[in-house]
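Below: the structure, in structure tokens.
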Amino acid sequence: MIATLLVDFSPLKPDFGLLFWSTVFFSLFWLLVGKMAFKPIVKALKDRQEDIRNALDAARQARSEMSDLKAENERVLAEAREEKMEIIKEAKVSANLLVAEARDTAKAEAQRILQQAKVDIETAKMAAMVDVKNEIGAMALQIAEKVIRKQLSDQPSNVAYIQQLMDEMDRGGNRAPSPKA
Amino acid sequence: MKRTIILFITGLFFCGKIFCQFSSVESNNILLASELPVTHSAPGAGEHEHSGEQAQNHRAAGEEGSAHNGNEGHGEHTPFDPKSTAFHHISDLNVYSIGSWNLPLPCILYAPGHGWSVFSSGKFGIDNAHHGNGHVAIDGYVLNHGRVNRISGEFPGGTVEVESIFSSSDKQSGANGKDSVRIAGINYGLDKPSTADGGLFGGGITSFYDFSLTKNAVSMLLVILLLSWAFLSMARNYRRAPGTAPRGAQLLFEPIILFIQDEVAKPFLGRQWERFMPLLLALFFFILGLNLFGQIPFLGGSNVTGNLSVTMVLAVIAFIVVNTNGNRHYWEHVFWMPGVPAWVKTILTPVEVLGVFIKPLTLMLRLFANITAGHMAILIFISLIFIFGQSGANTGAGLGASVGSGLLTIFMMSIELLVAVIQAFVFTLLTACYIGAAIEDHHHAAEEHHA
Amino acid sequence: MGGSIAAIGMGLAAIGAGIGVGSIGNKALESIARQPEAIGDIRANMILTAALVEGAALIAILFSYLVA
């Protein structure tokens with residue numbers, strides 16, 4: 001029954017020709033294309049996979065190196081900044097010092113100049129005093145001369161007395177005419 | 001979108017109309033030519049390829065061919081038979097029919113005691129309308145429905161005109177249970193091509209061996225050449241510019257190769273995966289290429305992976321690879337399962353030994369059954385047009401059926417595309433799994449390895 | 001007669017395989033929904049198991065051809 005049913009159903013019946021040809025064709029395909037194409041392709045894909053993995057690893061490493069470098073940079077920068085602050089601070093201190101020194105020097109100089117000036121003034125006053133004394137003496141002498149001429153014309157005792165007076169005046173008048181005395 | 005669907009359905013409708021017209025035209029022609037009172041069905045109604053337009057070509061050719069068909073000696077026309085139509089279209093033939101062209105193929109035949117005969121099947125004088133019945137017998141060989149048969153018994157060699165060929169069911173056949181051929185008024189029985197089925201499916205060794213490059217063999221060659229060209233040029237690209245981004249064919253095939261590598265080879269074969277990659281890739285692309293080649297409309301629809309011979313060769317190769325690579329543990333598990341009581345072993349061992357053979361057997365049958373069933377379903381859906389249209393007698397029903405069957409066919413073809421890929425994948429996956437089971441390290445060692 | 005018994009046998013084999021493959025697909029989809037990251041493993045094992053079930057059906061169909 002089934003034999004007559006299947007008599008036309010040739011795909012179910014393996015025939016020698018097709019068995020032979022499919023063996024030949026598939027074996028050829030497997031061996032030749034497998035050897036010449038599939039193997040190199042699989043190998044190339046594997047190599048490329050390896051390449052990509054290596055490249056990714058390298059990139060990751062480079063990135064970590066770079067972040068290390070960046071941290072280092074930042075550290076150096078921070079250090080530099082600190083140093084700068086230090087330097088500025090130092091500079092400020094030394095500048096203050098300098099200014100103070102200068103001020104002191106200037107003060108001292110001023111003091112010195114003032115002193116000098118005082119001395120000069122004193123000296124000039126003394127000179128002026130002497131001058132004035134002399135002048136006043138002369139003037140007093142003249143006045144006295146005139147006064148005395150009138151009273152005592154030409155008496156040597158008078159002259160000596162006057163001289164004596166002059167001397168006394170000189171000695172005591174030293175105190176007497178000083179502004180403070 | 002809506003407009004496209006409407007246009008599409010209208011297109012199917014007109015296709016069906018053209019079909020039916022040609023059917024009836026042919027019927028009329030035959031009526032005129034043979035002047036037989038025929039209740040008609042077109043004799044060649046079973047000759048449609050998978051798709052409408054192709055069949056239409058066919059029909060056009062059949063029209064002229066039918067004039068000398070009158071002398072074919074069909075007393076009465078058998079009604080349209082979808083079963084034989086489907087069987088005819090999925091079988092391996094000695095002629096490659098695309099539409100109205102019957103491309104001749106080389107016949108390489110050997111009969112013990114007669115020797116080799118090599119010639120082109122074009123010499124048979126292929127009859128377009130009867131789809132590869134030859135008009136001429138050469139060296140005792142005739143072309144019966146596209147297939148070379150040998151005339152049984154003694155028959156003089158050389159080229160002889162054939163009057164007609166009868167199928168075994170035909171009453172005029174004369175030779176009981178055999179197809180027969182009438183030459184010069186005498187009926188001679190025909191031997192079928194010999195079949196390597198041990199007589200299981202009504203075949204057996206007959207008087208000759210057919211080593212012809214048949215339709216399937218030629219399709220196989222074509223697909224292999226195409227694939228070889230693609231992969232060899234691809235390999236050249238990899239060699240020429242290693243480590244660069246893929247381009248061209250690489251873009252198409254690389255993901256597939258990587259898929260096979262990562263989803264099939266690596267998980268199932270473990271550390272030895274690279275050794276078996278050429279086999280797995282060859283299997284996958286061979287099966288996928290042929291599955292898809294058979295799906296191309298207007299290209300003969302050769303049913304290569306749906307032929308048991310082809311899947312048998314693939315399964316035998318898988319069987320050989322599995323068992324030649326089997327290690328001690330594999331055979332131990334087959335013949336003397338460790339860690340099982342002795343009385344269980346007596347049951348288990350026959351089952352396991354049977355399993356060794358059943359595995360490739362199921363590989364063979366699965367691929368064969370899936371692809372054949374797909375081709376057959378498409379053919380039956382196309383046949384619906386002729387069943388409903390009663391081979392041209394009922395044009396209206398044919399028109400209606402053409403729309404429905406066109407839609408069904410397209411649905412089926414899209415499923416078949418999926419099946420083509422899945423079956424190629426499953427065959428490869430299972431082969432890898434069987435190889436993996438055969439080369440696997442001992443279980444405990446494997447567990448340690450993974451841990 | 002033998003032919004029709006064979007046809008019934010084929011049908012029964014197809015039913016069995018259908019139920020088997022259906023439940024495999026059902027569980028596989030459930031597992032994928034639960035653990036989408038394991039889709040590769042699940043798919044491979046699903047196809048493997050389905051192939052084994054289908055194998056039984058194919059053998060049954062073949063034997064039903066042979067005994068008919």
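To be explicit about the labels: the chains of the structure tokens are called A, B, and onward in the order shown, and within each one the residues are counted from 1, while ligands get numbers from 1 in the order they are shown.
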
*Check the DSSP output for the backbone and give back, as a VMD selection string, the residues of region 220-375 of chain B in helix (DSSP H, G or I).*
chain B and resid 220 to 240 249 to 295 308 to 325 328 to 335 342 to 375

_Can you pull out the residues contacting Ala315 (chain B)? Cut-off 10 Å, using only C-alpha atoms, and skip same-chain residues under 6 positions away; I want them as a list in words._
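The residues that qualify are Ser309, Val321, Lys359, Pro360, Leu361, Thr362, Leu363, Met364, Leu365, Leu367, Phe427 and Thr431 of chain B.
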
Selection to disk with all heavy atoms, as a short mmCIF file (atom, residue, chain, number, x, y, z; two decimals), in the first residue's frame:
```
data_model
loop_
_atom_site.label_atom_id
_atom_site.label_comp_id
_atom_site.auth_asym_id
_atom_site.auth_seq_id
_atom_site.Cartn_x
_atom_site.Cartn_y
_atom_site.Cartn_z
N SER B 309 18.69 12.19 -0.25
CA SER B 309 20.07 11.87 -0.59
C SER B 309 21.01 12.91 -0.02
O SER B 309 22.05 12.59 0.56
CB SER B 309 20.25 11.84 -2.11
OG SER B 309 19.18 11.20 -2.71
N VAL B 321 32.15 12.42 11.61
CA VAL B 321 32.96 13.37 12.38
C VAL B 321 32.75 13.15 13.87
O VAL B 321 33.71 13.13 14.64
CB VAL B 321 32.59 14.82 11.99
CG1 VAL B 321 33.23 15.80 12.95
CG2 VAL B 321 33.05 15.11 10.58
N LYS B 359 20.62 9.79 16.24
CA LYS B 359 20.97 11.21 16.16
C LYS B 359 21.17 11.68 14.72
O LYS B 359 20.49 12.62 14.30
CB LYS B 359 22.22 11.49 17.00
CG LYS B 359 21.93 11.59 18.48
CD LYS B 359 23.23 11.62 19.25
CE LYS B 359 22.98 11.64 20.74
NZ LYS B 359 24.25 11.48 21.46
N PRO B 360 22.06 11.06 13.96
CA PRO B 360 22.18 11.51 12.55
C PRO B 360 20.92 11.24 11.75
O PRO B 360 20.60 11.99 10.83
CB PRO B 360 23.37 10.71 12.01
CG PRO B 360 23.57 9.61 12.95
CD PRO B 360 23.07 10.06 14.28
N LEU B 361 20.20 10.17 12.12
CA LEU B 361 18.96 9.86 11.40
C LEU B 361 17.96 11.00 11.55
O LEU B 361 17.32 11.43 10.57
CB LEU B 361 18.37 8.57 11.97
CG LEU B 361 17.32 7.88 11.11
CD1 LEU B 361 17.99 7.27 9.90
CD2 LEU B 361 16.60 6.81 11.90
N THR B 362 17.83 11.53 12.78
CA THR B 362 16.89 12.63 12.97
C THR B 362 17.39 13.90 12.30
O THR B 362 16.60 14.67 11.77
CB THR B 362 16.66 12.92 14.46
OG1 THR B 362 17.92 13.14 15.08
CG2 THR B 362 15.94 11.80 15.13
N LEU B 363 18.71 14.09 12.30
CA LEU B 363 19.26 15.24 11.57
C LEU B 363 18.81 15.19 10.12
O LEU B 363 18.32 16.17 9.56
CB LEU B 363 20.80 15.19 11.58
CG LEU B 363 21.55 15.78 12.75
CD1 LEU B 363 23.03 15.74 12.44
CD2 LEU B 363 21.12 17.21 12.99
N MET B 364 18.99 14.00 9.55
CA MET B 364 18.66 13.79 8.14
C MET B 364 17.17 14.04 7.89
O MET B 364 16.80 14.79 6.99
CB MET B 364 19.03 12.35 7.80
CG MET B 364 18.54 11.83 6.50
SD MET B 364 19.17 10.18 6.24
CE MET B 364 17.81 9.20 6.84
N LEU B 365 16.34 13.42 8.74
CA LEU B 365 14.90 13.50 8.50
C LEU B 365 14.35 14.89 8.78
O LEU B 365 13.44 15.35 8.09
CB LEU B 365 14.17 12.49 9.38
CG LEU B 365 14.30 11.04 8.93
CD1 LEU B 365 13.66 10.13 9.94
CD2 LEU B 365 13.63 10.86 7.57
N LEU B 367 15.71 17.93 8.48
CA LEU B 367 15.96 18.86 7.39
C LEU B 367 15.10 18.49 6.18
O LEU B 367 14.42 19.34 5.60
CB LEU B 367 17.44 18.85 7.03
CG LEU B 367 17.88 19.84 5.98
CD1 LEU B 367 17.53 21.25 6.42
CD2 LEU B 367 19.38 19.74 5.76
N PHE B 427 20.51 22.41 12.31
CA PHE B 427 21.41 21.34 11.87
C PHE B 427 22.81 21.59 12.39
O PHE B 427 23.45 20.70 12.95
CB PHE B 427 21.42 21.28 10.34
CG PHE B 427 21.94 19.98 9.78
CD1 PHE B 427 21.08 19.04 9.29
CD2 PHE B 427 23.30 19.72 9.77
CE1 PHE B 427 21.56 17.85 8.78
CE2 PHE B 427 23.79 18.53 9.28
CZ PHE B 427 22.91 17.59 8.78
N THR B 431 24.72 19.37 15.23
CA THR B 431 25.99 18.74 14.90
C THR B 431 27.04 19.15 15.92
O THR B 431 27.79 18.30 16.44
CB THR B 431 26.43 19.16 13.49
OG1 THR B 431 25.35 18.95 12.60
CG2 THR B 431 27.62 18.38 13.04
#
```

*asked:* For a quick test of understanding: name the residues of chain B lying within 7 Å of chain A when counting only C-alpha atoms, and present them as a VMD selection string.
replied: chain B and resid 87 90 to 92 194 to 197 201 to 202 209 to 212 217 221 224 228 231 to 232 235 238 242 to 243 278 to 279 282 306 to 310 313

*Please identify all polymer residues within 9 Å of Gln295 (chain B), counting only C-alpha atoms, omitting same-chain residues fewer than 5 positions from it, and present them as a PyMOL selection string.*
chain B and resi 290+301-303+375+413+416-417+420

Same residues, all heavy atoms, saved as a PDB file, in the first residue's frame:
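As a result, part27.pdb now contains:
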```
ATOM      1  N   LEU B 290      21.337  26.479   0.061  1.00  0.00           N
ATOM      2  CA  LEU B 290      20.443  25.643  -0.733  1.00  0.00           C
ATOM      3  C   LEU B 290      18.983  25.856  -0.343  1.00  0.00           C
ATOM      4  O   LEU B 290      18.107  25.872  -1.203  1.00  0.00           O
ATOM      5  CB  LEU B 290      20.831  24.177  -0.587  1.00  0.00           C
ATOM      6  CG  LEU B 290      22.104  23.838  -1.345  1.00  0.00           C
ATOM      7  CD1 LEU B 290      22.588  22.466  -0.986  1.00  0.00           C
ATOM      8  CD2 LEU B 290      21.876  23.919  -2.839  1.00  0.00           C
ATOM      9  N   GLY B 301      12.920  26.441  -8.351  1.00  0.00           N
ATOM     10  CA  GLY B 301      12.560  25.972  -7.012  1.00  0.00           C
ATOM     11  C   GLY B 301      13.113  24.595  -6.703  1.00  0.00           C
ATOM     12  O   GLY B 301      12.399  23.711  -6.264  1.00  0.00           O
ATOM     13  N   SER B 302      14.399  24.403  -6.959  1.00  0.00           N
ATOM     14  CA  SER B 302      14.950  23.065  -6.763  1.00  0.00           C
ATOM     15  C   SER B 302      14.959  22.728  -5.275  1.00  0.00           C
ATOM     16  O   SER B 302      15.346  23.527  -4.437  1.00  0.00           O
ATOM     17  CB  SER B 302      16.351  22.978  -7.337  1.00  0.00           C
ATOM     18  OG  SER B 302      17.097  24.080  -6.935  1.00  0.00           O
ATOM     19  N   ASN B 303      14.519  21.520  -4.996  1.00  0.00           N
ATOM     20  CA  ASN B 303      14.281  21.074  -3.626  1.00  0.00           C
ATOM     21  C   ASN B 303      15.479  20.244  -3.177  1.00  0.00           C
ATOM     22  O   ASN B 303      15.394  19.056  -3.006  1.00  0.00           O
ATOM     23  CB  ASN B 303      12.992  20.252  -3.647  1.00  0.00           C
ATOM     24  CG  ASN B 303      12.607  19.765  -2.295  1.00  0.00           C
ATOM     25  OD1 ASN B 303      12.886  20.404  -1.302  1.00  0.00           O
ATOM     26  ND2 ASN B 303      11.971  18.616  -2.273  1.00  0.00           N
ATOM     27  N   HIS B 375       8.033  23.192   0.567  1.00  0.00           N
ATOM     28  CA  HIS B 375       7.830  23.231  -0.880  1.00  0.00           C
ATOM     29  C   HIS B 375       6.444  22.694  -1.236  1.00  0.00           C
ATOM     30  O   HIS B 375       5.744  23.242  -2.077  1.00  0.00           O
ATOM     31  CB  HIS B 375       8.901  22.383  -1.570  1.00  0.00           C
ATOM     32  CG  HIS B 375      10.193  23.103  -1.747  1.00  0.00           C
ATOM     33  ND1 HIS B 375      10.627  23.554  -2.963  1.00  0.00           N
ATOM     34  CD2 HIS B 375      11.137  23.476  -0.867  1.00  0.00           C
ATOM     35  CE1 HIS B 375      11.791  24.156  -2.821  1.00  0.00           C
ATOM     36  NE2 HIS B 375      12.116  24.118  -1.543  1.00  0.00           N
ATOM     37  N   MET B 413       5.548  31.407   2.000  1.00  0.00           N
ATOM     38  CA  MET B 413       6.932  31.642   1.581  1.00  0.00           C
ATOM     39  C   MET B 413       7.688  32.426   2.636  1.00  0.00           C
ATOM     40  O   MET B 413       8.864  32.181   2.871  1.00  0.00           O
ATOM     41  CB  MET B 413       6.954  32.384   0.251  1.00  0.00           C
ATOM     42  CG  MET B 413       6.651  31.480  -0.910  1.00  0.00           C
ATOM     43  SD  MET B 413       6.829  32.333  -2.458  1.00  0.00           S
ATOM     44  CE  MET B 413       8.162  31.432  -3.178  1.00  0.00           C
ATOM     45  N   GLU B 416       8.576  30.080   5.175  1.00  0.00           N
ATOM     46  CA  GLU B 416       9.640  29.200   4.698  1.00  0.00           C
ATOM     47  C   GLU B 416      11.005  29.870   4.767  1.00  0.00           C
ATOM     48  O   GLU B 416      12.015  29.213   4.977  1.00  0.00           O
ATOM     49  CB  GLU B 416       9.350  28.747   3.266  1.00  0.00           C
ATOM     50  CG  GLU B 416       8.349  27.627   3.200  1.00  0.00           C
ATOM     51  CD  GLU B 416       8.745  26.458   4.069  1.00  0.00           C
ATOM     52  OE1 GLU B 416       9.811  25.873   3.834  1.00  0.00           O
ATOM     53  OE2 GLU B 416       8.004  26.156   5.016  1.00  0.00           O
ATOM     54  N   LEU B 417      11.034  31.192   4.568  1.00  0.00           N
ATOM     55  CA  LEU B 417      12.303  31.913   4.717  1.00  0.00           C
ATOM     56  C   LEU B 417      12.832  31.733   6.126  1.00  0.00           C
ATOM     57  O   LEU B 417      14.018  31.480   6.348  1.00  0.00           O
ATOM     58  CB  LEU B 417      12.108  33.404   4.432  1.00  0.00           C
ATOM     59  CG  LEU B 417      12.045  33.806   2.984  1.00  0.00           C
ATOM     60  CD1 LEU B 417      11.870  35.313   2.880  1.00  0.00           C
ATOM     61  CD2 LEU B 417      13.317  33.395   2.273  1.00  0.00           C
ATOM     62  N   ALA B 420      14.001  28.209   6.578  1.00  0.00           N
ATOM     63  CA  ALA B 420      15.286  27.975   5.909  1.00  0.00           C
ATOM     64  C   ALA B 420      16.426  28.312   6.852  1.00  0.00           C
ATOM     65  O   ALA B 420      17.381  27.546   6.993  1.00  0.00           O
ATOM     66  CB  ALA B 420      15.375  28.812   4.636  1.00  0.00           C
TER      67      ALA B 420
END
```

*Give me the residues within 9 Å of region 15-23 of chain C as a PyMOL selection string, counting only C-alpha atoms and dropping any in the same chain fewer than 4 places off.*
chain C and resi 10-11+27-28+46+49-51+53-58

N, CA, C and O atoms of the current selection, written as a PDB file, in the first residue's frame:
```
ATOM      1  N   MET C  10       0.941   9.055  12.174  1.00  0.00           N
ATOM      2  CA  MET C  10       1.658  10.307  11.925  1.00  0.00           C
ATOM      3  C   MET C  10       1.002  11.447  12.669  1.00  0.00           C
ATOM      4  O   MET C  10       1.659  12.289  13.278  1.00  0.00           O
ATOM      5  N   GLY C  11      -0.325  11.459  12.615  1.00  0.00           N
ATOM      6  CA  GLY C  11      -1.055  12.527  13.288  1.00  0.00           C
ATOM      7  C   GLY C  11      -0.793  12.508  14.774  1.00  0.00           C
ATOM      8  O   GLY C  11      -0.535  13.544  15.382  1.00  0.00           O
ATOM      9  N   LYS C  27       7.921  27.507  28.303  1.00  0.00           N
ATOM     10  CA  LYS C  27       8.839  27.673  29.429  1.00  0.00           C
ATOM     11  C   LYS C  27      10.026  28.549  29.040  1.00  0.00           C
ATOM     12  O   LYS C  27      10.503  29.354  29.845  1.00  0.00           O
ATOM     13  N   ALA C  28      10.485  28.378  27.803  1.00  0.00           N
ATOM     14  CA  ALA C  28      11.647  29.158  27.365  1.00  0.00           C
ATOM     15  C   ALA C  28      11.302  30.641  27.375  1.00  0.00           C
ATOM     16  O   ALA C  28      12.079  31.475  27.857  1.00  0.00           O
ATOM     17  N   MET C  46      16.746  25.619  24.276  1.00  0.00           N
ATOM     18  CA  MET C  46      15.379  25.439  23.800  1.00  0.00           C
ATOM     19  C   MET C  46      15.379  24.705  22.467  1.00  0.00           C
ATOM     20  O   MET C  46      14.637  23.729  22.278  1.00  0.00           O
ATOM     21  N   THR C  49      16.418  21.040  22.912  1.00  0.00           N
ATOM     22  CA  THR C  49      15.360  20.193  23.465  1.00  0.00           C
ATOM     23  C   THR C  49      14.254  19.988  22.446  1.00  0.00           C
ATOM     24  O   THR C  49      13.738  18.873  22.278  1.00  0.00           O
ATOM     25  N   ALA C  50      13.902  21.077  21.764  1.00  0.00           N
ATOM     26  CA  ALA C  50      12.860  20.963  20.743  1.00  0.00           C
ATOM     27  C   ALA C  50      13.292  19.978  19.678  1.00  0.00           C
ATOM     28  O   ALA C  50      12.496  19.182  19.174  1.00  0.00           O
ATOM     29  N   ALA C  51      14.582  20.002  19.342  1.00  0.00           N
ATOM     30  CA  ALA C  51      15.094  19.085  18.324  1.00  0.00           C
ATOM     31  C   ALA C  51      14.969  17.647  18.798  1.00  0.00           C
ATOM     32  O   ALA C  51      14.625  16.751  18.023  1.00  0.00           O
ATOM     33  N   VAL C  53      12.749  16.456  20.950  1.00  0.00           N
ATOM     34  CA  VAL C  53      11.328  16.093  20.909  1.00  0.00           C
ATOM     35  C   VAL C  53      10.901  15.822  19.478  1.00  0.00           C
ATOM     36  O   VAL C  53      10.242  14.822  19.170  1.00  0.00           O
ATOM     37  N   GLU C  54      11.340  16.736  18.600  1.00  0.00           N
ATOM     38  CA  GLU C  54      10.973  16.608  17.197  1.00  0.00           C
ATOM     39  C   GLU C  54      11.556  15.327  16.613  1.00  0.00           C
ATOM     40  O   GLU C  54      10.942  14.685  15.762  1.00  0.00           O
ATOM     41  N   GLY C  55      12.752  14.984  17.104  1.00  0.00           N
ATOM     42  CA  GLY C  55      13.388  13.761  16.643  1.00  0.00           C
ATOM     43  C   GLY C  55      12.511  12.556  16.904  1.00  0.00           C
ATOM     44  O   GLY C  55      12.343  11.701  16.028  1.00  0.00           O
ATOM     45  N   ALA C  56      11.933  12.518  18.112  1.00  0.00           N
ATOM     46  CA  ALA C  56      11.041  11.397  18.439  1.00  0.00           C
ATOM     47  C   ALA C  56       9.876  11.352  17.459  1.00  0.00           C
ATOM     48  O   ALA C  56       9.509  10.277  16.950  1.00  0.00           O
ATOM     49  N   ALA C  57       9.315  12.542  17.163  1.00  0.00           N
ATOM     50  CA  ALA C  57       8.182  12.594  16.242  1.00  0.00           C
ATOM     51  C   ALA C  57       8.599  12.124  14.851  1.00  0.00           C
ATOM     52  O   ALA C  57       7.859  11.384  14.182  1.00  0.00           O
ATOM     53  N   LEU C  58       9.795  12.556  14.429  1.00  0.00           N
ATOM     54  CA  LEU C  58      10.256  12.165  13.092  1.00  0.00           C
ATOM     55  C   LEU C  58      10.449  10.658  12.994  1.00  0.00           C
ATOM     56  O   LEU C  58      10.090  10.038  11.999  1.00  0.00           O
TER      57      LEU C  58
END
```

*How many Å separate CA of Glu37 (chain C) from CA of Leu258 (chain B)?*
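CA of Leu258 (chain B) lies 18.7 Å from CA of Glu37 (chain C).
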
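Among the candidates B:Lys123, B:Arg182, B:Arg236, B:His114, the one nearest to Gln250 (chain B) when counting only C-alpha atoms is B:Arg236.
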
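Interatomic distance, CA of Val130 (chain A) against CA of Ala144 (chain A): 19.7 Å.
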
*Grab the CA of Leu269 (chain B) to CA of Gly436 (chain B) distance for me, in Å with one decimal place.*
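If I compute the distance from CA of Leu269 (chain B) to CA of Gly436 (chain B), I get 4.6 Å.
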
_Residues near Gly122 (chain B), cut-off 12 Å, only C-alpha atoms, skip fewer than 2 positions along chain, as a ChimeraX atom specification_ = /B:94-97,101-107,118-120,124-128,132-138,142-143,146,148
